[in-house]
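As provided, input_32.txt (compact mmCIF, C-alpha atoms and all ligand atoms) reads as follows.
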# COMPACT_ATOMS: atom_id res chain seq x y z
CA MET Y 18 45.88 11.04 8.27
CA LYS Y 19 43.04 9.21 6.58
CA THR Y 20 41.34 8.75 9.96
CA LEU Y 21 41.73 12.45 10.76
CA LYS Y 22 40.18 13.41 7.42
CA HIS Y 23 37.25 11.13 8.08
CA PHE Y 24 36.89 12.47 11.61
CA ILE Y 25 36.67 16.05 10.29
CA LEU Y 26 34.15 14.96 7.65
CA GLY Y 27 32.15 13.26 10.35
CA LEU Y 28 32.15 16.40 12.48
CA CYS Y 29 30.88 18.44 9.50
CA VAL Y 30 28.14 15.93 8.83
CA CYS Y 31 27.02 15.85 12.45
CA GLY Y 32 27.24 19.63 12.70
CA THR Y 33 24.95 20.03 9.71
CA ALA Y 34 22.50 17.61 11.22
CA VAL Y 35 22.46 19.37 14.58
CA ALA Y 36 21.72 22.63 12.80
CA GLY Y 37 18.48 21.13 11.42
CA ALA Y 38 16.21 21.10 14.47
CA SER Y 39 14.19 18.02 13.55
CA LEU Y 40 16.95 15.87 12.13
CA LEU Y 41 18.33 12.90 13.98
CA THR Y 42 21.60 11.49 12.73
CA ALA Y 43 23.83 8.56 13.54
CA CYS Y 44 27.03 10.35 14.35
CA GLY Y 45 28.54 7.60 16.44
CA SER Y 46 30.41 6.05 13.51
CA ALA Y 47 31.74 9.31 12.13
CA GLY Y 48 35.34 8.43 12.93
CA GLN Y 49 35.07 5.26 10.85
CA LYS Y 50 33.05 6.13 7.78
CA GLY Y 51 31.94 9.74 7.97
CA THR Y 52 28.50 8.90 6.58
CA VAL Y 53 25.08 10.01 7.78
CA GLN Y 54 22.55 7.32 8.55
CA ALA Y 55 18.88 7.31 9.44
CA VAL Y 56 17.98 10.94 8.91
CA ASP Y 57 14.46 11.16 10.28
CA SER Y 58 12.86 14.36 9.09
CA THR Y 59 9.39 13.27 10.25
CA GLU Y 60 10.06 13.02 13.95
CA THR Y 61 9.61 15.94 16.25
CA ALA Y 62 9.69 15.84 20.03
CA ASP Y 63 6.69 13.54 20.50
CA LYS Y 64 5.29 12.92 17.03
CA ASN Y 65 6.27 10.50 14.33
CA VAL Y 66 3.94 10.76 11.37
CA VAL Y 67 5.05 7.50 9.79
CA ILE Y 68 4.27 5.49 12.92
CA GLU Y 69 1.02 7.40 13.44
CA THR Y 70 0.00 6.63 9.85
CA ILE Y 71 0.77 2.94 10.25
CA MET Y 72 -1.13 2.68 13.52
CA ALA Y 73 -4.14 4.67 12.29
CA ARG Y 74 -4.72 2.56 9.16
CA ARG Y 75 -7.70 0.23 9.11
CA SER Y 76 -9.34 -1.64 6.25
CA ILE Y 77 -12.18 0.53 4.94
CA ARG Y 78 -15.31 -1.02 3.47
CA LYS Y 79 -17.55 2.05 3.31
CA TYR Y 80 -16.61 5.00 1.10
CA LYS Y 81 -18.00 8.43 0.35
CA ASP Y 82 -19.51 9.08 -3.09
CA GLN Y 83 -16.48 11.13 -3.96
CA PRO Y 84 -14.00 10.30 -6.69
CA VAL Y 85 -10.31 10.19 -5.83
CA GLU Y 86 -8.30 12.89 -7.58
CA ARG Y 87 -5.98 11.52 -10.26
CA GLU Y 88 -3.15 13.52 -8.70
CA LYS Y 89 -3.59 11.61 -5.44
CA LEU Y 90 -3.81 8.27 -7.22
CA GLU Y 91 -0.60 9.09 -9.03
CA LYS Y 92 1.13 9.91 -5.73
CA VAL Y 93 -0.07 6.64 -4.27
CA VAL Y 94 1.17 4.47 -7.14
CA ASN Y 95 4.42 6.38 -7.25
CA CYS Y 96 4.96 5.45 -3.60
CA GLY Y 97 4.13 1.88 -4.57
CA ILE Y 98 6.78 1.58 -7.23
CA ASN Y 99 9.33 3.06 -4.85
CA ALA Y 100 9.05 -0.04 -2.66
CA PRO Y 101 12.11 -2.28 -2.45
CA SER Y 102 12.22 -5.32 -4.73
CA GLY Y 103 14.64 -8.21 -5.02
CA MET Y 104 17.57 -7.11 -7.21
CA ASN Y 105 15.38 -4.14 -8.15
CA ARG Y 106 13.49 -6.38 -10.57
CA GLN Y 107 10.21 -4.55 -9.87
CA PRO Y 108 8.24 -7.67 -10.77
CA TRP Y 109 4.81 -6.05 -10.77
CA GLN Y 110 2.22 -4.57 -13.03
CA VAL Y 111 -0.13 -1.97 -11.56
CA ARG Y 112 -3.47 -0.96 -13.06
CA VAL Y 113 -5.54 1.85 -11.62
CA VAL Y 114 -9.25 1.71 -12.39
CA ASP Y 115 -11.49 4.63 -11.46
CA ASP Y 116 -13.92 4.13 -14.32
CA GLU Y 117 -17.48 3.71 -13.02
CA ASP Y 118 -18.53 1.61 -16.01
CA TYR Y 119 -15.71 -0.85 -15.39
CA ILE Y 120 -16.43 -1.15 -11.66
CA ASN Y 121 -20.20 -1.38 -12.07
CA GLY Y 122 -19.94 -3.69 -15.08
CA VAL Y 123 -17.87 -6.36 -13.34
CA THR Y 124 -19.99 -5.91 -10.21
CA GLU Y 125 -23.10 -6.86 -12.25
CA ILE Y 126 -21.47 -10.21 -12.99
CA TYR Y 127 -20.60 -10.56 -9.30
CA LYS Y 128 -24.19 -9.81 -8.32
CA GLN Y 129 -25.55 -12.42 -10.73
CA LYS Y 130 -23.35 -15.05 -9.09
CA ASN Y 131 -23.88 -13.77 -5.55
CA PRO Y 132 -27.44 -12.41 -5.49
CA MET Y 133 -27.48 -12.13 -1.70
CA VAL Y 134 -25.02 -9.20 -1.77
CA VAL Y 135 -27.67 -6.99 -3.35
CA GLY Y 136 -29.55 -6.94 -0.06
CA GLU Y 137 -26.45 -6.04 1.97
CA GLU Y 138 -26.66 -2.66 3.64
CA GLY Y 139 -24.65 -0.06 1.74
CA PHE Y 140 -23.64 -2.42 -1.07
CA LYS Y 141 -22.37 -0.41 -4.04
CA ASN Y 142 -19.82 -2.65 -5.70
CA MET Y 143 -17.75 -5.79 -5.32
CA PHE Y 144 -14.64 -3.81 -4.39
CA ARG Y 145 -15.91 -3.08 -0.91
CA ASN Y 146 -17.84 -0.16 -2.33
CA ALA Y 147 -14.78 1.91 -3.27
CA PRO Y 148 -14.83 4.39 -6.17
CA ALA Y 149 -11.41 3.21 -7.39
CA VAL Y 150 -9.39 0.01 -7.44
CA ILE Y 151 -5.71 -0.65 -7.91
CA PHE Y 152 -5.01 -4.06 -9.40
CA ILE Y 153 -1.63 -5.66 -8.78
CA ALA Y 154 -0.31 -8.41 -11.03
CA SER Y 155 2.76 -10.59 -10.58
CA PRO Y 156 4.61 -13.03 -12.85
CA LYS Y 157 2.69 -16.23 -13.64
CA ASP Y 158 5.64 -18.36 -12.48
CA GLY Y 159 4.82 -17.37 -8.88
CA SER Y 160 7.84 -15.12 -8.39
CA GLY Y 161 7.61 -11.54 -7.23
CA GLN Y 162 4.74 -11.96 -4.81
CA LEU Y 163 6.72 -10.70 -1.85
CA ASP Y 164 7.77 -7.64 -3.84
CA CYS Y 165 4.15 -7.05 -4.85
CA GLY Y 166 3.14 -7.17 -1.19
CA LEU Y 167 5.68 -4.50 -0.31
CA LEU Y 168 4.48 -2.38 -3.24
CA GLY Y 169 0.93 -2.65 -1.93
CA GLU Y 170 1.73 -1.70 1.65
CA ASN Y 171 3.57 1.38 0.39
CA MET Y 172 0.43 2.38 -1.51
CA ILE Y 173 -1.87 1.63 1.42
CA LEU Y 174 0.18 3.78 3.78
CA ALA Y 175 0.63 6.57 1.24
CA ALA Y 176 -3.14 6.61 0.76
CA GLN Y 177 -3.70 6.78 4.51
CA SER Y 178 -1.33 9.74 4.75
CA LEU Y 179 -3.36 11.53 2.05
CA GLY Y 180 -6.66 11.08 3.91
CA LEU Y 181 -7.75 8.12 1.79
CA GLY Y 182 -8.98 4.75 2.97
CA THR Y 183 -8.07 1.40 1.46
CA CYS Y 184 -8.88 -2.28 1.68
CA CYS Y 185 -6.56 -4.98 0.45
CA LEU Y 186 -8.68 -7.41 -1.60
CA GLY Y 187 -8.06 -11.03 -2.46
CA GLY Y 188 -11.68 -12.22 -2.84
CA PRO Y 189 -12.80 -9.98 -5.73
CA VAL Y 190 -9.67 -10.81 -7.72
CA ARG Y 191 -10.23 -14.51 -7.17
CA PHE Y 192 -13.79 -14.04 -8.40
CA MET Y 193 -12.58 -12.31 -11.57
CA MET Y 194 -10.05 -15.04 -12.25
CA ASP Y 195 -12.50 -17.89 -11.60
CA ASN Y 196 -15.46 -16.60 -13.61
CA GLU Y 197 -15.18 -16.64 -17.37
CA GLU Y 198 -17.79 -13.88 -17.65
CA ALA Y 199 -15.32 -11.51 -15.96
CA ALA Y 200 -12.54 -12.29 -18.46
CA PRO Y 201 -13.22 -9.18 -20.61
CA TYR Y 202 -12.55 -7.06 -17.53
CA ILE Y 203 -9.20 -8.75 -16.96
CA GLU Y 204 -8.40 -8.27 -20.65
CA ARG Y 205 -9.08 -4.55 -20.30
CA LEU Y 206 -6.21 -4.40 -17.80
CA GLN Y 207 -3.86 -5.30 -20.65
CA LEU Y 208 -1.42 -7.30 -18.59
CA PRO Y 209 1.66 -8.78 -20.24
CA GLU Y 210 1.19 -12.42 -21.29
CA ASP Y 211 3.39 -13.72 -18.46
CA TYR Y 212 1.59 -11.80 -15.68
CA THR Y 213 -1.47 -12.71 -13.66
CA LEU Y 214 -3.64 -10.80 -11.21
CA LEU Y 215 -2.48 -11.23 -7.61
CA TYR Y 216 -4.69 -8.90 -5.54
CA ALA Y 217 -6.31 -5.51 -5.56
CA ILE Y 218 -6.54 -2.47 -3.32
CA ALA Y 219 -9.83 -0.64 -2.97
CA ILE Y 220 -9.27 3.07 -2.48
CA GLY Y 221 -11.46 6.07 -1.75
CA TYR Y 222 -12.51 8.62 0.83
CA PRO Y 223 -13.49 6.71 3.97
CA ASP Y 224 -17.02 6.86 5.31
CA GLU Y 225 -16.36 4.83 8.43
CA SER Y 226 -13.74 4.65 11.20
CA PRO Y 227 -13.47 1.02 12.27
CA GLU Y 228 -11.82 0.05 15.52
CA ALA Y 229 -8.46 -1.67 15.32
CA LYS Y 230 -8.74 -5.44 15.29
CA PRO Y 231 -6.76 -7.22 18.01
CA ARG Y 232 -3.17 -8.13 17.17
CA GLU Y 233 -1.37 -11.21 18.46
CA ALA Y 234 1.68 -9.69 20.08
CA GLY Y 235 2.75 -13.14 21.29
CA LYS Y 236 3.74 -14.01 17.72
CA VAL Y 237 6.71 -11.68 18.08
CA GLN Y 238 9.60 -12.83 20.19
CA PHE Y 239 12.97 -11.37 20.93
CA VAL Y 240 15.49 -14.17 20.75
CA LYS Y 241 17.83 -14.63 23.72
C1 LIG X 301 -3.85 -10.55 1.25
C2 LIG X 301 -5.09 -9.92 1.83
C3 LIG X 301 -6.32 -10.19 1.27
C4 LIG X 301 -7.47 -9.59 1.78
N1 LIG X 301 -8.67 -9.81 1.16
C5 LIG X 301 -9.78 -9.19 1.62
C6 LIG X 301 -11.02 -9.35 0.94
O1 LIG X 301 -11.13 -10.06 -0.05
N2 LIG X 301 -12.11 -8.70 1.41
C7 LIG X 301 -12.02 -7.88 2.51
O2 LIG X 301 -13.03 -7.31 2.90
N3 LIG X 301 -10.85 -7.70 3.19
C8 LIG X 301 -9.73 -8.32 2.76
N4 LIG X 301 -8.53 -8.14 3.40
C9 LIG X 301 -8.45 -7.24 4.56
C10 LIG X 301 -8.31 -8.01 5.88
O3 LIG X 301 -9.54 -8.60 6.22
C11 LIG X 301 -7.84 -7.04 6.99
O4 LIG X 301 -6.60 -6.50 6.64
C12 LIG X 301 -7.73 -7.71 8.34
O5 LIG X 301 -8.98 -8.14 8.81
C13 LIG X 301 -7.13 -6.77 9.40
O6 LIG X 301 -7.92 -5.61 9.55
P1 LIG X 301 -7.28 -4.16 9.32
O7 LIG X 301 -6.75 -4.12 7.91
O8 LIG X 301 -8.40 -3.19 9.53
O9 LIG X 301 -6.17 -3.98 10.31
C14 LIG X 301 -7.38 -8.72 2.91
C15 LIG X 301 -6.12 -8.46 3.46
C16 LIG X 301 -5.00 -9.03 2.92
C17 LIG X 301 -3.65 -8.69 3.51

Written as structure tokens, how would this file's structure read?
Ligand SMILES: Cc1cc2nc3c(=O)[nH]c(=O)nc-3n(C[C@H](O)[C@H](O)[C@H](O)COP(=O)(O)O)c2cc1C
Amino acid sequence: MKTLKHFILGLCVCGTAVAGASLLTACGSAGQKGTVQAVDSTETADKNVVIETIMARRSIRKYKDQPVEREKLEKVVNCGINAPSGMNRQPWQVRVVDDEDYINGVTEIYKQKNPMVVGEEGFKNMFRNAPAVIFIASPKDGSGQLDCGLLGENMILAAQSLGLGTCCLGGPVRFMMDNEEAAPYIERLQLPEDYTLLYAIAIGYPDESPEAKPREAGKVQFVK
């Protein structure tokens, strides 16, 4: 009786899914659990926007002189905090900086320490010339870094899907941490006492379309 009830529920679930032209459902287990799995509303006959977004992303180091709308930045960070995290601890702090004075101010310190960058073609700022930066901080005890990585990739892909370019940045954050003169800029981020900067993401409208760098497919193996 219980099995029959579940079978009928499964049929209803699959029927609903079939009615939606672009929905794919896992109906195979309907007799056992009657649940819907893996509803993919993005896939049509030959197009999967998630996969296309992933494959189209490149690190961008040249940006248009165009600010990023706050609405878009909010969407991006909202996608970030919807990343999975161990036990849903959400062990991150996220700071969005689109203030020119902040970006140019800390870049002045960077330029003093690295005068050769001034001569670099197209150099605007130390965040790969982006008009905005998202700083990501993790707990000082070293935990949460994996979660913070997942948060960042969510933001990077969300940005790509909104027509924005990004570049994940370790170097500029290291510079800020290692140079006392940059401390006031870290203070302005108002991180909790037990958090430290981990990395940043430059974000803006791309002004270049770099080729994909080669990937080492041999590092992936299916185990026999
Ligand atoms: C943790 C991490 C730190 C990075 N730091 C920098 C950086 O400081 N400066 C930079 O220009 N790119 C940085 N990158 C970007 C990488 O150079 C880039 O992802 C890599 O070359 C692959 O190119 P792609 O992103 O275009 O596929 C960083 C990427 C990661 C994941």

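Closest approach to Thr124 in chain Y from the set Y:Val111, Y:Met143, Y:Leu215, Y:Ile203 is made by Y:Met143, with distances taken over all atoms listed in the file.
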
What separates CA of Glu197 in chain Y and atom O1 of ligand LIG 301 (chain X) is a distance of 19.0 Å

Counting only C-alpha atoms and all ligand atoms, which residues in chain Y sit no more than 12 Å from ligand LIG 301 (chain X)? For each one, give the nearest pair of atoms and the distance in Å, sorted by chain then residue number, as a Markdown table.
| residue | atom | partner | partner_atom | distance |
| --- | --- | --- | --- | --- |
| Y:Ile71 | CA | X:LIG301 | O9 | 9.8 |
| Y:Met72 | CA | X:LIG301 | O9 | 8.9 |
| Y:Ala73 | CA | X:LIG301 | O9 | 9.1 |
| Y:Arg74 | CA | X:LIG301 | O9 | 6.8 |
| Y:Arg75 | CA | X:LIG301 | O8 | 3.5 |
| Y:Ser76 | CA | X:LIG301 | O8 | 3.7 |
| Y:Ile77 | CA | X:LIG301 | O8 | 7.0 |
| Y:Arg78 | CA | X:LIG301 | O2 | 6.7 |
| Y:Lys79 | CA | X:LIG301 | O2 | 10.4 |
| Y:Asn142 | CA | X:LIG301 | O2 | 11.9 |
| Y:Met143 | CA | X:LIG301 | N2 | 9.3 |
| Y:Phe144 | CA | X:LIG301 | N2 | 8.0 |
| Y:Arg145 | CA | X:LIG301 | O2 | 6.4 |
| Y:Asn146 | CA | X:LIG301 | O2 | 10.1 |
| Y:Ala147 | CA | X:LIG301 | O2 | 11.2 |
| Y:Ile153 | CA | X:LIG301 | C1 | 11.4 |
| Y:Gln162 | CA | X:LIG301 | C1 | 10.6 |
| Y:Leu163 | CA | X:LIG301 | C1 | 11.0 |
| Y:Cys165 | CA | X:LIG301 | C1 | 10.7 |
| Y:Gly166 | CA | X:LIG301 | C1 | 8.1 |
| Y:Leu167 | CA | X:LIG301 | C17 | 10.9 |
| Y:Gly169 | CA | X:LIG301 | C17 | 9.3 |
| Y:Glu170 | CA | X:LIG301 | C17 | 9.0 |
| Y:Ile173 | CA | X:LIG301 | O7 | 9.9 |
| Y:Leu174 | CA | X:LIG301 | O7 | 11.3 |
| Y:Gln177 | CA | X:LIG301 | O7 | 11.8 |
| Y:Gly182 | CA | X:LIG301 | O8 | 10.3 |
| Y:Thr183 | CA | X:LIG301 | O7 | 8.6 |
| Y:Cys184 | CA | X:LIG301 | C9 | 5.8 |
| Y:Cys185 | CA | X:LIG301 | C14 | 4.6 |
| Y:Leu186 | CA | X:LIG301 | N1 | 3.7 |
| Y:Gly187 | CA | X:LIG301 | N1 | 3.9 |
| Y:Gly188 | CA | X:LIG301 | O1 | 3.6 |
| Y:Pro189 | CA | X:LIG301 | O1 | 5.9 |
| Y:Val190 | CA | X:LIG301 | O1 | 7.8 |
| Y:Arg191 | CA | X:LIG301 | O1 | 8.4 |
| Y:Phe192 | CA | X:LIG301 | O1 | 9.6 |
| Y:Met193 | CA | X:LIG301 | O1 | 11.8 |
| Y:Leu215 | CA | X:LIG301 | C1 | 9.0 |
| Y:Tyr216 | CA | X:LIG301 | C1 | 7.0 |
| Y:Ala217 | CA | X:LIG301 | C3 | 8.3 |
| Y:Ile218 | CA | X:LIG301 | C4 | 8.8 |
| Y:Ala219 | CA | X:LIG301 | C7 | 9.3 |
| Y:Glu225 | CA | X:LIG301 | O8 | 11.4 |
| Y:Ser226 | CA | X:LIG301 | O8 | 9.6 |
| Y:Pro227 | CA | X:LIG301 | O8 | 7.1 |
| Y:Glu228 | CA | X:LIG301 | O8 | 7.6 |
| Y:Ala229 | CA | X:LIG301 | O9 | 6.0 |
| Y:Lys230 | CA | X:LIG301 | O9 | 5.8 |
| Y:Pro231 | CA | X:LIG301 | O9 | 8.4 |
| Y:Arg232 | CA | X:LIG301 | O9 | 8.6 |
| Y:Glu233 | CA | X:LIG301 | C13 | 11.6 |

Practice task
May I ask for the distance between CA of Tyr127 in chain Y and CA of Ser155 in chain Y, given in Å to one decimal place?
Solution key: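 Computing it gives 23.4 Å between the two atoms.
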
task = Point out the residue among Y:Thr213, Y:Gln83, Y:Thr70, Y:Asn95 with the least atom-to-atom distance to Asp158 in chain Y, counting all atoms listed in the file.
result =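 Answer, going by the shortest atom-to-atom distance: Y:Thr213.
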
Between CA of Pro108 in chain Y and CA of Ala176 in chain Y, what is the distance, to one decimal in Å?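 According to the coordinates, CA of Pro108 in chain Y and CA of Ala176 in chain Y are separated by 21.6 Å.
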
With distances taken over only C-alpha atoms, the candidate from Y:Ala154, Y:Ala175, Y:Val67, Y:Leu181 nearest Gln107 in chain Y is Y:Ala154

Asp118 in chain Y: which residues within 12 Å, counting all atoms listed in the file, same-chain residues fewer than 4 positions away excluded, as an mmCIF file with C-alpha atoms, in the coordinates of the input?
data_model
loop_
_atom_site.group_PDB
_atom_site.id
_atom_site.type_symbol
_atom_site.label_atom_id
_atom_site.label_comp_id
_atom_site.auth_asym_id
_atom_site.auth_seq_id
_atom_site.Cartn_x
_atom_site.Cartn_y
_atom_site.Cartn_z
ATOM 1 C CA VAL Y 114 -9.250 1.710 -12.390
ATOM 2 C CA GLY Y 122 -19.940 -3.690 -15.080
ATOM 3 C CA VAL Y 123 -17.870 -6.360 -13.340
ATOM 4 C CA THR Y 124 -19.990 -5.910 -10.210
ATOM 5 C CA GLU Y 125 -23.100 -6.860 -12.250
ATOM 6 C CA ASN Y 142 -19.820 -2.650 -5.700
ATOM 7 C CA PRO Y 148 -14.830 4.390 -6.170
ATOM 8 C CA ALA Y 149 -11.410 3.210 -7.390
ATOM 9 C CA TYR Y 202 -12.550 -7.060 -17.530
#

From the list Y:Phe140, Y:Val150, Y:Lys89, Y:Asn99, the nearest residue to Glu117 in chain Y using all atoms listed in the file is Y:Val150

For a quick check of your reading of the model, name the residues lying within 8 Å of the coordinate (-11.8, 10.3, 2.9), counting all atoms listed in the file, and write them as a list in words.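 Every residue inside that radius is included here: Tyr80, Lys81, Gly180, Leu181, Gly182, Gly221, Tyr222, Pro223 and Asp224 of chain Y.
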
So that I can see what lies close to Leu168 in chain Y, please list as a PyMOL selection string the residues with an atom at most 7 Å from it, counting all atoms listed in the file and leaving out residues fewer than 3 positions away in the same chain.
chain Y and resi 97-98+100+164-165+171-172

Step by step, gather every atom of range 216-227 of chain Y that the file lists, find the box along x, y and z that holds them, add 4 Å on each side, and finally give centre and edge lengths in Å to one decimal, as AutoDock Vina command-line options.
--center_x -10.9 --center_y -0.1 --center_z 3.4 --size_x 20.3 --size_y 25.5 --size_z 25.8
